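Peer 1: Here you go, target07.cif (mmCIF, C-alpha atoms):
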data_run
loop_
_atom_site.label_atom_id
_atom_site.label_comp_id
_atom_site.auth_asym_id
_atom_site.auth_seq_id
_atom_site.Cartn_x
_atom_site.Cartn_y
_atom_site.Cartn_z
CA MET P 1 9.32 15.98 -49.67
CA ARG P 2 11.06 16.43 -46.34
CA VAL P 3 9.86 14.40 -43.34
CA GLU P 4 9.10 16.41 -40.20
CA VAL P 5 7.52 15.46 -36.92
CA ALA P 6 6.67 17.97 -34.22
CA GLU P 7 4.74 18.50 -31.01
CA ILE P 8 4.05 15.08 -29.67
CA SER P 9 1.37 15.82 -27.07
CA LEU P 10 -0.20 13.54 -24.57
CA VAL P 11 -3.96 14.09 -24.53
CA GLY P 12 -5.29 11.27 -22.40
CA VAL P 13 -4.73 8.03 -20.59
CA GLN P 14 -6.79 4.95 -19.91
CA ALA P 15 -6.07 2.00 -17.64
CA LEU P 16 -6.88 -1.27 -19.39
CA GLY P 17 -5.51 -3.68 -16.81
CA SER P 18 -7.28 -5.85 -14.31
CA VAL P 19 -6.50 -6.66 -10.72
CA ALA P 20 -6.54 -10.36 -11.54
CA GLN P 21 -3.18 -9.94 -13.22
CA VAL P 22 -1.56 -8.60 -10.10
CA GLY P 23 0.72 -10.88 -8.19
CA ALA P 24 0.75 -14.00 -10.37
CA LEU P 25 3.22 -12.66 -12.89
CA GLU P 26 5.26 -10.93 -10.26
CA SER P 27 5.72 -13.94 -8.06
CA ALA P 28 6.33 -16.38 -10.91
CA ALA P 29 8.96 -14.31 -12.62
CA PRO P 30 12.61 -15.20 -12.14
CA ALA P 31 14.80 -12.11 -12.32
CA LEU P 32 16.41 -11.67 -15.70
CA PRO P 33 20.22 -11.87 -15.68
CA SER P 34 22.49 -9.16 -16.99
CA GLY P 35 23.16 -9.60 -20.68
CA TRP P 36 22.28 -8.73 -24.25
CA TYR P 37 18.68 -8.69 -25.41
CA THR P 38 17.20 -7.99 -28.85
CA ASP P 39 13.75 -6.53 -29.47
CA PRO P 40 11.47 -7.71 -32.30
CA ALA P 41 12.78 -4.90 -34.52
CA GLY P 42 16.34 -6.18 -34.15
CA GLN P 43 17.54 -3.40 -31.82
CA ARG P 44 20.11 -4.69 -29.33
CA TYR P 45 20.08 -3.73 -25.65
CA TYR P 46 22.26 -4.48 -22.70
CA TYR P 47 20.46 -5.08 -19.42
CA ASP P 48 22.33 -4.47 -16.17
CA ALA P 49 20.44 -6.54 -13.61
CA PRO P 50 21.93 -5.04 -10.40
CA SER P 51 20.84 -1.52 -11.35
CA GLY P 52 17.76 -2.57 -13.33
CA ARG P 53 18.92 -0.25 -16.12
CA MET P 54 18.68 -0.90 -19.83
CA TYR P 55 21.22 0.45 -22.33
CA VAL P 56 20.67 0.74 -26.06
CA TYR P 57 23.50 -0.34 -28.35
CA SER P 58 24.34 1.98 -31.20
CA ALA P 59 27.45 2.30 -33.36
CA GLY P 60 29.56 0.34 -30.93
CA LEU P 61 28.49 2.30 -27.86
CA LEU P 62 25.98 1.79 -25.08
CA TYR P 63 23.62 4.60 -24.17
CA PRO P 64 21.44 4.54 -21.06
CA LEU P 65 17.74 4.82 -21.80
CA THR P 66 16.64 8.04 -20.15
CA LEU P 67 13.70 10.39 -20.19
CA PRO P 68 14.07 13.85 -21.77
CA ASP P 69 15.48 16.70 -19.75
CA ASP P 70 12.50 18.96 -20.41
CA THR P 71 9.51 18.17 -18.26
CA VAL P 72 5.85 19.14 -17.89
CA PRO P 73 3.23 17.99 -15.40
CA ALA P 74 1.04 15.17 -16.69
CA PRO P 75 -2.33 16.52 -17.88
CA TRP P 76 -4.25 14.31 -15.42
CA SER P 77 -4.10 13.50 -11.75
CA ARG P 78 -1.70 10.64 -11.17
CA LEU P 79 -3.03 7.34 -12.52
CA ASP P 80 -2.76 4.34 -10.22
CA VAL P 81 -1.73 1.20 -12.10
CA THR P 82 -1.02 -2.35 -11.08
CA PHE P 83 1.96 -4.38 -12.18
CA ALA P 84 1.47 -6.06 -15.58
CA SER P 85 -1.72 -4.13 -16.31
CA THR P 86 -1.98 -2.21 -19.57
CA VAL P 87 -2.30 1.53 -19.96
CA ARG P 88 -3.42 3.18 -23.18
CA PHE P 89 -1.84 6.58 -23.82
CA ASN P 90 -3.75 8.78 -26.26
CA LEU P 91 -1.57 11.34 -27.97
CA THR P 92 -1.29 13.61 -30.95
CA TYR P 93 1.65 14.62 -33.09
CA LYS P 94 2.16 16.93 -35.99
CA TYR P 95 3.46 15.62 -39.27
CA ARG P 96 4.23 16.84 -42.72
CA GLY P 97 5.92 14.76 -45.36
CA PRO P 98 5.38 11.89 -47.77
CA GLY P 99 2.87 9.14 -47.10
CA SER P 100 5.03 6.16 -47.85
CA LYS P 101 7.24 6.50 -44.79
CA SER P 102 7.10 4.25 -41.74
CA PHE P 103 8.24 5.39 -38.34
CA THR P 104 8.49 3.97 -34.86
CA LEU P 105 6.37 5.47 -32.09
CA TYR P 106 7.97 4.69 -28.75
CA ALA P 107 6.57 5.17 -25.26
CA ALA P 108 8.38 4.58 -22.00
CA VAL P 109 7.92 5.11 -18.29
CA GLY P 110 10.82 6.07 -16.08
CA ASN P 111 11.98 7.76 -12.91
CA ASN P 112 9.91 10.80 -12.06
CA ALA P 113 12.54 13.41 -12.88
CA ALA P 114 14.17 15.21 -15.76
CA GLY P 115 16.55 12.81 -17.46
CA GLY P 116 15.39 9.97 -15.22
CA GLY P 117 16.27 6.43 -16.20
CA GLU P 118 13.69 4.42 -18.09
CA TRP P 119 12.15 1.52 -16.21
CA SER P 120 13.02 -1.73 -17.91
CA GLY P 121 9.89 -3.57 -19.00
CA TYR P 122 7.78 -0.42 -19.05
CA ALA P 123 8.25 0.55 -22.72
CA LYS P 124 6.53 -0.18 -26.00
CA SER P 125 7.17 0.53 -29.68
CA LYS P 126 4.84 0.37 -32.61
CA GLY P 127 5.05 1.22 -36.28
CA ILE P 128 3.17 4.21 -37.68
CA SER P 129 2.64 5.38 -41.27
CA PRO P 130 1.24 8.92 -41.42
CA VAL P 131 -0.61 9.95 -44.56
CA GLU P 132 1.05 12.33 -47.01
CA SER P 133 0.65 15.96 -46.10
CA ALA P 134 2.27 19.06 -47.49
CA ASP P 135 1.16 21.14 -44.51
CA TRP P 136 1.44 20.40 -40.83
CA THR P 137 -1.28 17.92 -39.91
CA THR P 138 -2.23 16.89 -36.40
CA ILE P 139 -2.60 13.13 -36.13
CA SER P 140 -4.22 11.33 -33.20
CA ASP P 141 -2.89 7.97 -32.15
CA SER P 142 -2.58 5.76 -29.11
CA ILE P 143 -0.12 3.26 -27.75
CA ASP P 144 -0.75 0.52 -25.21
CA VAL P 145 2.05 0.00 -22.72
CA VAL P 146 2.19 -2.96 -20.35
CA MET P 147 3.15 -1.76 -16.88
CA GLY P 148 6.12 -3.98 -16.17
CA GLN P 149 7.20 -7.34 -17.42
CA ALA P 150 8.23 -10.54 -15.70
CA GLY P 151 11.85 -10.63 -14.70
CA PHE P 152 12.37 -6.88 -14.42
CA PRO P 153 12.05 -4.74 -11.28
CA THR P 154 8.38 -4.11 -10.51
CA HIS P 155 8.73 -0.50 -9.32
CA SER P 156 5.84 -1.17 -6.95
CA GLY P 157 5.16 1.84 -4.78
CA GLU P 158 6.98 4.23 -7.15
CA THR P 159 5.72 7.23 -9.10
CA GLY P 160 6.80 7.41 -12.72
CA ALA P 161 6.97 9.85 -15.60
CA VAL P 162 6.19 8.98 -19.20
CA TYR P 163 7.46 10.24 -22.54
CA PHE P 164 7.08 9.46 -26.21
CA LYS P 165 9.29 9.69 -29.24
CA ILE P 166 8.95 9.25 -32.96
CA GLU P 167 12.39 8.42 -34.26
CA SER P 168 14.58 11.14 -32.77
CA TYR P 169 11.79 13.62 -31.99
CA LYS P 170 10.84 13.47 -28.30
CA SER P 171 7.94 14.74 -26.26
CA PRO P 172 8.71 16.26 -22.89
CA ALA P 173 8.69 13.93 -19.90
CA TYR P 174 5.24 14.03 -18.27
CA LEU P 175 5.92 14.02 -14.55
CA ASP P 176 3.68 12.36 -11.94
CA ALA P 177 1.98 10.41 -14.71
CA LEU P 178 1.39 7.18 -12.86
CA TYR P 179 1.90 5.30 -9.64
CA VAL P 180 2.50 1.56 -9.43
CA VAL P 181 0.37 0.20 -6.63
CA THR P 182 2.13 -2.33 -4.43
CA ALA P 183 1.04 -5.80 -5.52
CA THR P 184 0.64 -7.04 -1.96
CA GLY P 185 -1.81 -4.24 -1.33
CA GLU P 186 -1.79 -0.87 0.35
CA PHE P 187 -3.29 0.24 3.62
CA ASP P 188 -3.82 3.51 5.41
CA THR P 189 -5.71 5.28 8.22
CA LEU P 190 -5.89 2.40 10.68
CA ALA P 191 -7.80 3.76 13.66
CA ILE P 192 -9.50 2.50 16.81
CA THR P 193 -13.09 3.71 16.61
CA ASN P 194 -14.43 2.63 20.01
CA LEU P 195 -14.19 0.03 22.77
CA VAL P 196 -16.98 -2.11 24.10
CA LYS P 197 -16.78 -4.11 27.29
CA VAL P 198 -18.81 -7.17 26.34
CA MET R 1 -24.08 -5.71 29.79
CA LEU R 2 -22.41 -3.83 26.96
CA VAL R 3 -20.47 -0.75 27.98
CA GLU R 4 -19.32 1.32 25.04
CA THR R 5 -16.60 3.92 25.26
CA SER R 6 -16.05 6.29 22.35
CA ILE R 7 -12.64 7.19 21.02
CA ALA R 8 -13.32 10.81 21.98
CA ALA R 9 -13.87 9.83 25.60
CA LEU R 10 -10.67 7.79 25.59
CA ALA R 11 -8.80 10.72 24.12
CA ASP R 12 -10.14 12.83 26.98
CA GLY R 13 -8.53 10.45 29.46
CA GLU R 14 -11.46 8.21 30.27
CA LYS R 15 -10.43 4.65 31.10
CA VAL R 16 -12.27 1.43 30.44
CA GLN R 17 -12.33 -0.73 33.57
CA VAL R 18 -12.01 -4.45 33.04
CA SER R 19 -11.21 -7.48 35.16
CA PRO R 20 -9.52 -10.75 34.30
CA GLY R 21 -12.02 -12.90 32.42
CA ASP R 22 -13.74 -9.94 30.77
CA THR R 23 -13.89 -9.53 27.01
CA LEU R 24 -13.00 -6.22 25.45
CA ARG R 25 -14.34 -5.67 21.91
CA VAL R 26 -12.18 -3.27 19.92
CA ASN R 27 -13.81 -1.67 16.90
CA TYR R 28 -11.39 -0.33 14.31
CA SER R 29 -11.29 0.79 10.71
CA PHE R 30 -8.79 1.16 7.90
CA ARG R 31 -8.62 1.77 4.17
CA TYR R 32 -7.06 -0.61 1.66
CA ARG R 33 -6.78 -1.46 -1.98
CA ILE R 34 -5.52 -4.47 -3.95
CA ALA R 35 -4.82 -6.54 -0.84
CA LYS R 36 -6.55 -9.89 -0.44
CA ALA R 37 -5.82 -10.60 3.21
CA VAL R 38 -4.18 -9.05 6.22
CA SER R 39 -3.42 -9.94 9.82
CA VAL R 40 -4.67 -7.66 12.58
CA TRP R 41 -3.48 -7.92 16.15
CA ALA R 42 -4.89 -6.19 19.20
CA SER R 43 -3.02 -6.12 22.50
CA LEU R 44 -2.86 -4.38 25.82
CA TYR R 45 0.58 -2.97 26.44
CA LEU R 46 2.82 -1.45 29.05
CA TYR R 47 5.88 0.69 28.60
CA SER R 48 9.10 -0.51 30.14
CA ALA R 49 12.11 1.74 30.61
CA GLY R 50 9.77 4.57 29.74
CA PHE R 51 9.61 3.93 26.01
CA ILE R 52 9.77 0.19 25.14
CA LEU R 53 6.30 -0.99 24.23
CA ASN R 54 5.67 -4.45 25.67
CA ARG R 55 2.58 -6.24 24.44
CA VAL R 56 0.92 -8.30 27.14
CA SER R 57 0.50 -11.84 25.84
CA GLY R 58 -2.23 -12.54 28.38
CA ALA R 59 -4.39 -9.83 26.82
CA GLN R 60 -3.79 -10.18 23.11
CA GLU R 61 -5.77 -11.42 20.13
CA LYS R 62 -4.57 -12.15 16.58
CA SER R 63 -6.90 -12.37 13.61
CA SER R 64 -6.64 -12.86 9.85
CA ILE R 65 -9.02 -10.97 7.60
CA THR R 66 -9.99 -11.85 4.04
CA LEU R 67 -10.59 -8.73 1.97
CA THR R 68 -12.61 -8.13 -1.17
CA GLU R 69 -10.09 -7.26 -3.87
CA SER R 70 -10.41 -3.80 -5.27
CA THR R 71 -8.24 -1.34 -7.17
CA GLU R 72 -10.18 1.51 -5.56
CA TRP R 73 -9.64 2.50 -1.94
CA GLN R 74 -12.13 0.69 0.28
CA ASP R 75 -13.12 1.33 3.90
CA TYR R 76 -13.01 -1.71 6.16
CA PRO R 77 -14.68 -1.60 9.57
CA GLY R 78 -13.62 -4.48 11.77
CA GLN R 79 -13.73 -5.70 15.35
CA ILE R 80 -11.55 -7.93 17.44
CA ASP R 81 -12.25 -9.33 20.90
CA ILE R 82 -9.53 -9.42 23.53
CA THR R 83 -10.08 -11.75 26.47
CA ILE R 84 -8.38 -10.33 29.51
CA GLY R 85 -6.28 -13.07 31.03
CA SER R 86 -4.60 -13.33 34.39
CA ILE R 87 -2.53 -10.21 34.16
CA GLY R 88 -1.62 -7.89 36.94
CA ALA R 89 -3.79 -4.99 37.91
CA GLY R 90 -2.88 -1.60 36.57
CA SER R 91 -3.20 0.84 33.75
CA PHE R 92 -2.54 -0.42 30.21
CA GLY R 93 -2.47 0.98 26.71
CA LEU R 94 -4.28 -0.55 23.75
CA ILE R 95 -2.69 -1.15 20.35
CA VAL R 96 -4.28 -2.39 17.12
CA GLU R 97 -1.74 -3.19 14.43
CA MET R 98 -1.00 -4.93 11.16
CA PRO R 99 2.29 -6.62 11.99
CA ALA R 100 3.21 -7.26 8.35
CA ILE R 101 2.60 -3.66 7.24
CA PRO R 102 5.19 -1.21 8.55
CA GLY R 103 3.69 1.80 10.26
CA MET R 104 0.12 0.52 10.32
CA GLU R 105 -0.88 0.78 13.96
CA ALA R 106 -3.21 2.72 16.20
CA LYS R 107 -2.65 2.95 19.91
CA ILE R 108 -3.94 4.77 22.95
CA ASP R 109 -1.81 5.00 26.06
CA ASP R 110 -3.25 4.24 29.51
CA CYS R 111 -6.84 3.76 28.38
CA ILE R 112 -7.55 0.41 30.06
CA GLU R 113 -7.71 -0.07 33.83
CA VAL R 114 -7.39 -3.72 34.76
CA MET R 115 -8.83 -4.36 38.22
CA ALA R 116 -7.28 -6.90 40.56
CA ALA R 117 -8.84 -10.36 40.45
CA PRO R 118 -10.64 -11.14 43.71
CA GLY R 119 -8.16 -13.19 45.77
CA ILE R 120 -8.93 -15.83 48.43
CA THR R 121 -8.40 -13.32 51.25
CA GLU R 122 -10.99 -10.98 49.75
CA TRP R 123 -13.86 -13.48 50.11
CA ILE R 124 -12.65 -15.37 53.19
CA GLU R 125 -12.24 -12.27 55.37
CA PRO R 126 -15.97 -11.56 55.61
CA LEU R 127 -16.59 -15.24 56.43
CA ILE R 128 -14.07 -15.12 59.27
CA MET R 129 -15.72 -11.96 60.61
CA ILE R 130 -19.13 -13.62 60.55
CA ALA R 131 -17.74 -16.72 62.28
CA LEU R 132 -16.09 -14.60 64.99
CA MET R 133 -19.28 -12.66 65.58
CA GLY R 134 -21.15 -15.95 65.88
CA MET R 135 -18.68 -17.23 68.46
CA MET R 136 -18.91 -14.00 70.42
CA VAL R 137 -22.69 -14.22 70.52
CA ARG R 138 -22.47 -17.80 71.87
CA MET R 139 -19.96 -16.76 74.53
CA MET R 140 -22.18 -13.97 75.84
CA PRO R 141 -23.83 -14.83 79.18
CA ARG R 142 -27.47 -15.81 78.82
CA GLU R 143 -30.14 -14.61 81.21
CA GLU R 144 -31.69 -17.57 83.09
#
Would you write out, as structure tokens, the structure that this file holds?
Peer 2:
Amino acid sequence: MRVEVAEISLVGVQALGSVAQVGALESAAPALPSGWYTDPAGQRYYYDAPSGRMYVYSAGLLYPLTLPDDTVPAPWSRLDVTFASTVRFNLTYKYRGPGSKSFTLYAAVGNNAAGGGEWSGYAKSKGISPVESADWTTISDSIDVVMGQAGFPTHSGETGAVYFKIESYKSPAYLDALYVVTATGEFDTLAITNLVKV
Amino acid sequence: MLVETSIAALADGEKVQVSPGDTLRVNYSFRYRIAKAVSVWASLYLYSAGFILNRVSGAQEKSSITLTESTEWQDYPGQIDITIGSIGAGSFGLIVEMPAIPGMEAKIDDCIEVMAAPGITEWIEPLIMIALMGMMVRMMPREE
């Protein structure tokens, strides 16, 4: 039976983080140096510290991690997140194929533009094993992504897009998906309301 | 006695009259999220060279505020008292600002009128006049 994945669709989002995490990780984290890094699955990456960009190593070449070129607006109003908090993305995908196969579901946040670079430290992978289905079946799943990791750029004050992929099949990039609140805090509308001569 | 002046009145050109030694309470508000603390300064100011804002150190107050942490936007109403020091008489602006946060300031030009402090000549002149009048009365011829 042939394996096919289609229509990865984002259906919801949920912030799981807490404010208590803000700041401590950010201030304690020494910046990671440029160099080779390996994820738990054995995939090798090259991290370029000056640009904050991550490259994936494949067949002797380095490829920049980028969001897809096709974009859609995120199906919610922009979610405010804090550095190192966790966001749960609820999504669906269509599958038909055997039940014994394992795949990798990958989620990443990146620059808010078509083909924008992924933000290092804002990605997560997890294994999935869809049940056997001869016809297209819509499967609901979720993936928890930590919003930034110690040592990488924080992207505080930036708006990001998010996308998902299962092996080589990609969702569109969901623009204006989230905004990383500045860890030191944000202020607006300072105004003098009145004066009193005491 | 408390004399309150609304922001609308100030915007219409009304000025608050103060003298050296007076205290001016500035009520202000802002919105914030995440932050735990912030510094707020309030100062009278003058423009020099037409556009350089010079804060008057003799009429300035600096305060630090502890904020309740929140991921949601919160309104914060605050107040800060400026004691008017020995500064020259004239018309001043008022600025409230967060010096560590770029762009976070509120100011009103020419809204404070600082009156001249009473000098020694202002209270001695009437005394001299009284003394002169007394002398003149003594010098007047008396009827026997």
Peer 1: Looking at P:Phe103, P:Phe187, P:Tyr45, P:Tyr95, which one is nearest to chain R, with distances taken over only C-alpha atoms?
Peer 2: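 The answer is P:Phe187, which sits nearest to chain R.
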Peer 1: Give as an mmCIF file with C-alpha atoms, keeping the file's coordinate frame every residue of chain P that touches chain R within 6 Å, counting all atoms listed in the file.
Peer 2:
data_model
loop_
_atom_site.group_PDB
_atom_site.id
_atom_site.type_symbol
_atom_site.label_atom_id
_atom_site.label_comp_id
_atom_site.auth_asym_id
_atom_site.auth_seq_id
_atom_site.Cartn_x
_atom_site.Cartn_y
_atom_site.Cartn_z
ATOM 1 C CA THR P 184 0.640 -7.040 -1.960
ATOM 2 C CA GLY P 185 -1.810 -4.240 -1.330
ATOM 3 C CA GLU P 186 -1.790 -0.870 0.350
ATOM 4 C CA PHE P 187 -3.290 0.240 3.620
ATOM 5 C CA ASP P 188 -3.820 3.510 5.410
ATOM 6 C CA THR P 189 -5.710 5.280 8.220
ATOM 7 C CA LEU P 190 -5.890 2.400 10.680
ATOM 8 C CA ALA P 191 -7.800 3.760 13.660
ATOM 9 C CA ILE P 192 -9.500 2.500 16.810
ATOM 10 C CA THR P 193 -13.090 3.710 16.610
ATOM 11 C CA ASN P 194 -14.430 2.630 20.010
ATOM 12 C CA LEU P 195 -14.190 0.030 22.770
ATOM 13 C CA VAL P 196 -16.980 -2.110 24.100
ATOM 14 C CA LYS P 197 -16.780 -4.110 27.290
ATOM 15 C CA VAL P 198 -18.810 -7.170 26.340
#
Peer 1: Kindly resolve the PyMOL selection byres ((chain P and resi 142) around 7) on the present coordinates and return the residues as a ChimeraX atom specification.
Peer 2: /P:88-91,141,143-144
Peer 1: Once you add 6 Å to each side, what are the centre and edge lengths of the axis-aligned box holding all listed atoms of segment 73-85 of chain R? One decimal in Å, as lines of an AutoDock Vina configuration file, if you can.
Peer 2:
center_x = -10.5
center_y = -5.3
center_z = 14.5
size_x = 20.4
size_y = 27.6
size_z = 45.0
Peer 1: Is there a way to get, as a ChimeraX atom specification, all residues within 8 Å of the point (-2.9, 4.4, -11.7) in file coordinates, counting only C-alpha atoms?
Peer 2: /P:15,78-82,178-181
Peer 1: Next, write the just-selected residues to a file, as a PDB file, keeping the file's coordinate frame, keeping C-alpha atoms as the atom set.
Peer 2:
ATOM      1  CA  ALA P  15      -6.070   2.000 -17.640  1.00  0.00           C
ATOM      2  CA  ARG P  78      -1.700  10.640 -11.170  1.00  0.00           C
ATOM      3  CA  LEU P  79      -3.030   7.340 -12.520  1.00  0.00           C
ATOM      4  CA  ASP P  80      -2.760   4.340 -10.220  1.00  0.00           C
ATOM      5  CA  VAL P  81      -1.730   1.200 -12.100  1.00  0.00           C
ATOM      6  CA  THR P  82      -1.020  -2.350 -11.080  1.00  0.00           C
ATOM      7  CA  LEU P 178       1.390   7.180 -12.860  1.00  0.00           C
ATOM      8  CA  TYR P 179       1.900   5.300  -9.640  1.00  0.00           C
ATOM      9  CA  VAL P 180       2.500   1.560  -9.430  1.00  0.00           C
ATOM     10  CA  VAL P 181       0.370   0.200  -6.630  1.00  0.00           C
TER      11      VAL P 181
END
Peer 1: Could you write out as a compact mmCIF listing (two decimals) with C-alpha atoms, in the frame of the given file the residues that the PyMOL selection byres ((chain R and resi 41) around 7) matches in the shown file?
Peer 2:
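Result went into result_18.txt, see below:
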# COMPACT_ATOMS: atom_id res chain seq x y z
CA SER R 39 -3.42 -9.94 9.82
CA VAL R 40 -4.67 -7.66 12.58
CA ALA R 42 -4.89 -6.19 19.20
CA SER R 43 -3.02 -6.12 22.50
CA GLU R 61 -5.77 -11.42 20.13
CA LYS R 62 -4.57 -12.15 16.58
CA SER R 63 -6.90 -12.37 13.61
CA VAL R 96 -4.28 -2.39 17.12
CA GLU R 97 -1.74 -3.19 14.43
CA MET R 98 -1.00 -4.93 11.16
Peer 1: How would you write, as a PyMOL selection string, the residues chosen by the PyMOL selection byres ((chain P and resi 135) around 10) on this structure?
Peer 2: chain P and resi 94-97+132-134+136-138
Peer 1: Export C-alpha atoms of the chosen residues as a short mmCIF file (atom, residue, chain, number, x, y, z; two decimals), in the coordinates of the input?
Peer 2:
data_model
loop_
_atom_site.label_atom_id
_atom_site.label_comp_id
_atom_site.auth_asym_id
_atom_site.auth_seq_id
_atom_site.Cartn_x
_atom_site.Cartn_y
_atom_site.Cartn_z
CA LYS P 94 2.16 16.93 -35.99
CA TYR P 95 3.46 15.62 -39.27
CA ARG P 96 4.23 16.84 -42.72
CA GLY P 97 5.92 14.76 -45.36
CA GLU P 132 1.05 12.33 -47.01
CA SER P 133 0.65 15.96 -46.10
CA ALA P 134 2.27 19.06 -47.49
CA TRP P 136 1.44 20.40 -40.83
CA THR P 137 -1.28 17.92 -39.91
CA THR P 138 -2.23 16.89 -36.40
#
Peer 1: Kindly give the distance, in Å, that separates atom CA of Glu167 of chain P and atom CA of Ala84 of chain P, rounded to a single decimal.
Peer 2: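 Here the two named atoms are 26.0 Å from each other.
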Peer 1: Just checking: using only C-alpha atoms, which residue out of P:Val162, P:Ala123, P:Val131, P:Leu61 ends up closest to Val145 of chain P?
Peer 2: P:Ala123
Peer 1: One number please: atom CA of Leu32 of chain P to atom CA of Phe152 of chain P, in Å, one decimal.
Peer 2: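 Distance between the two atoms: 6.4 Å.
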Peer 1: My list of candidates is P:Pro153, P:Thr86, P:Ala107, P:Pro64. Which is closest to Pro50 of chain P when distances are computed with all atoms listed in the file?
Peer 2: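 Among P:Pro153, P:Thr86, P:Ala107, P:Pro64, it is P:Pro153 that comes nearest to Pro50 of chain P.
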Peer 1: Smallest atom-to-atom distance to His155 of chain P: which of P:Ser58, P:Ser140, P:Ser168, P:Thr182, using all atoms listed in the file?
Peer 2: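 Answer, going by the shortest atom-to-atom distance: P:Thr182.
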Peer 1: Show me as a short mmCIF file (atom, residue, chain, number, x, y, z; two decimals) with C-alpha atoms, keeping the file's coordinate frame the residues that reach within 9 Å of (11.9, -6.6, -18.5), counting only C-alpha atoms and using the file's own coordinates.
Peer 2:
data_model
loop_
_atom_site.label_atom_id
_atom_site.label_comp_id
_atom_site.auth_asym_id
_atom_site.auth_seq_id
_atom_site.Cartn_x
_atom_site.Cartn_y
_atom_site.Cartn_z
CA ALA P 31 14.80 -12.11 -12.32
CA LEU P 32 16.41 -11.67 -15.70
CA TYR P 47 20.46 -5.08 -19.42
CA GLY P 52 17.76 -2.57 -13.33
CA MET P 54 18.68 -0.90 -19.83
CA TRP P 119 12.15 1.52 -16.21
CA SER P 120 13.02 -1.73 -17.91
CA GLY P 121 9.89 -3.57 -19.00
CA TYR P 122 7.78 -0.42 -19.05
CA GLY P 148 6.12 -3.98 -16.17
CA GLN P 149 7.20 -7.34 -17.42
CA ALA P 150 8.23 -10.54 -15.70
CA GLY P 151 11.85 -10.63 -14.70
CA PHE P 152 12.37 -6.88 -14.42
CA PRO P 153 12.05 -4.74 -11.28
#
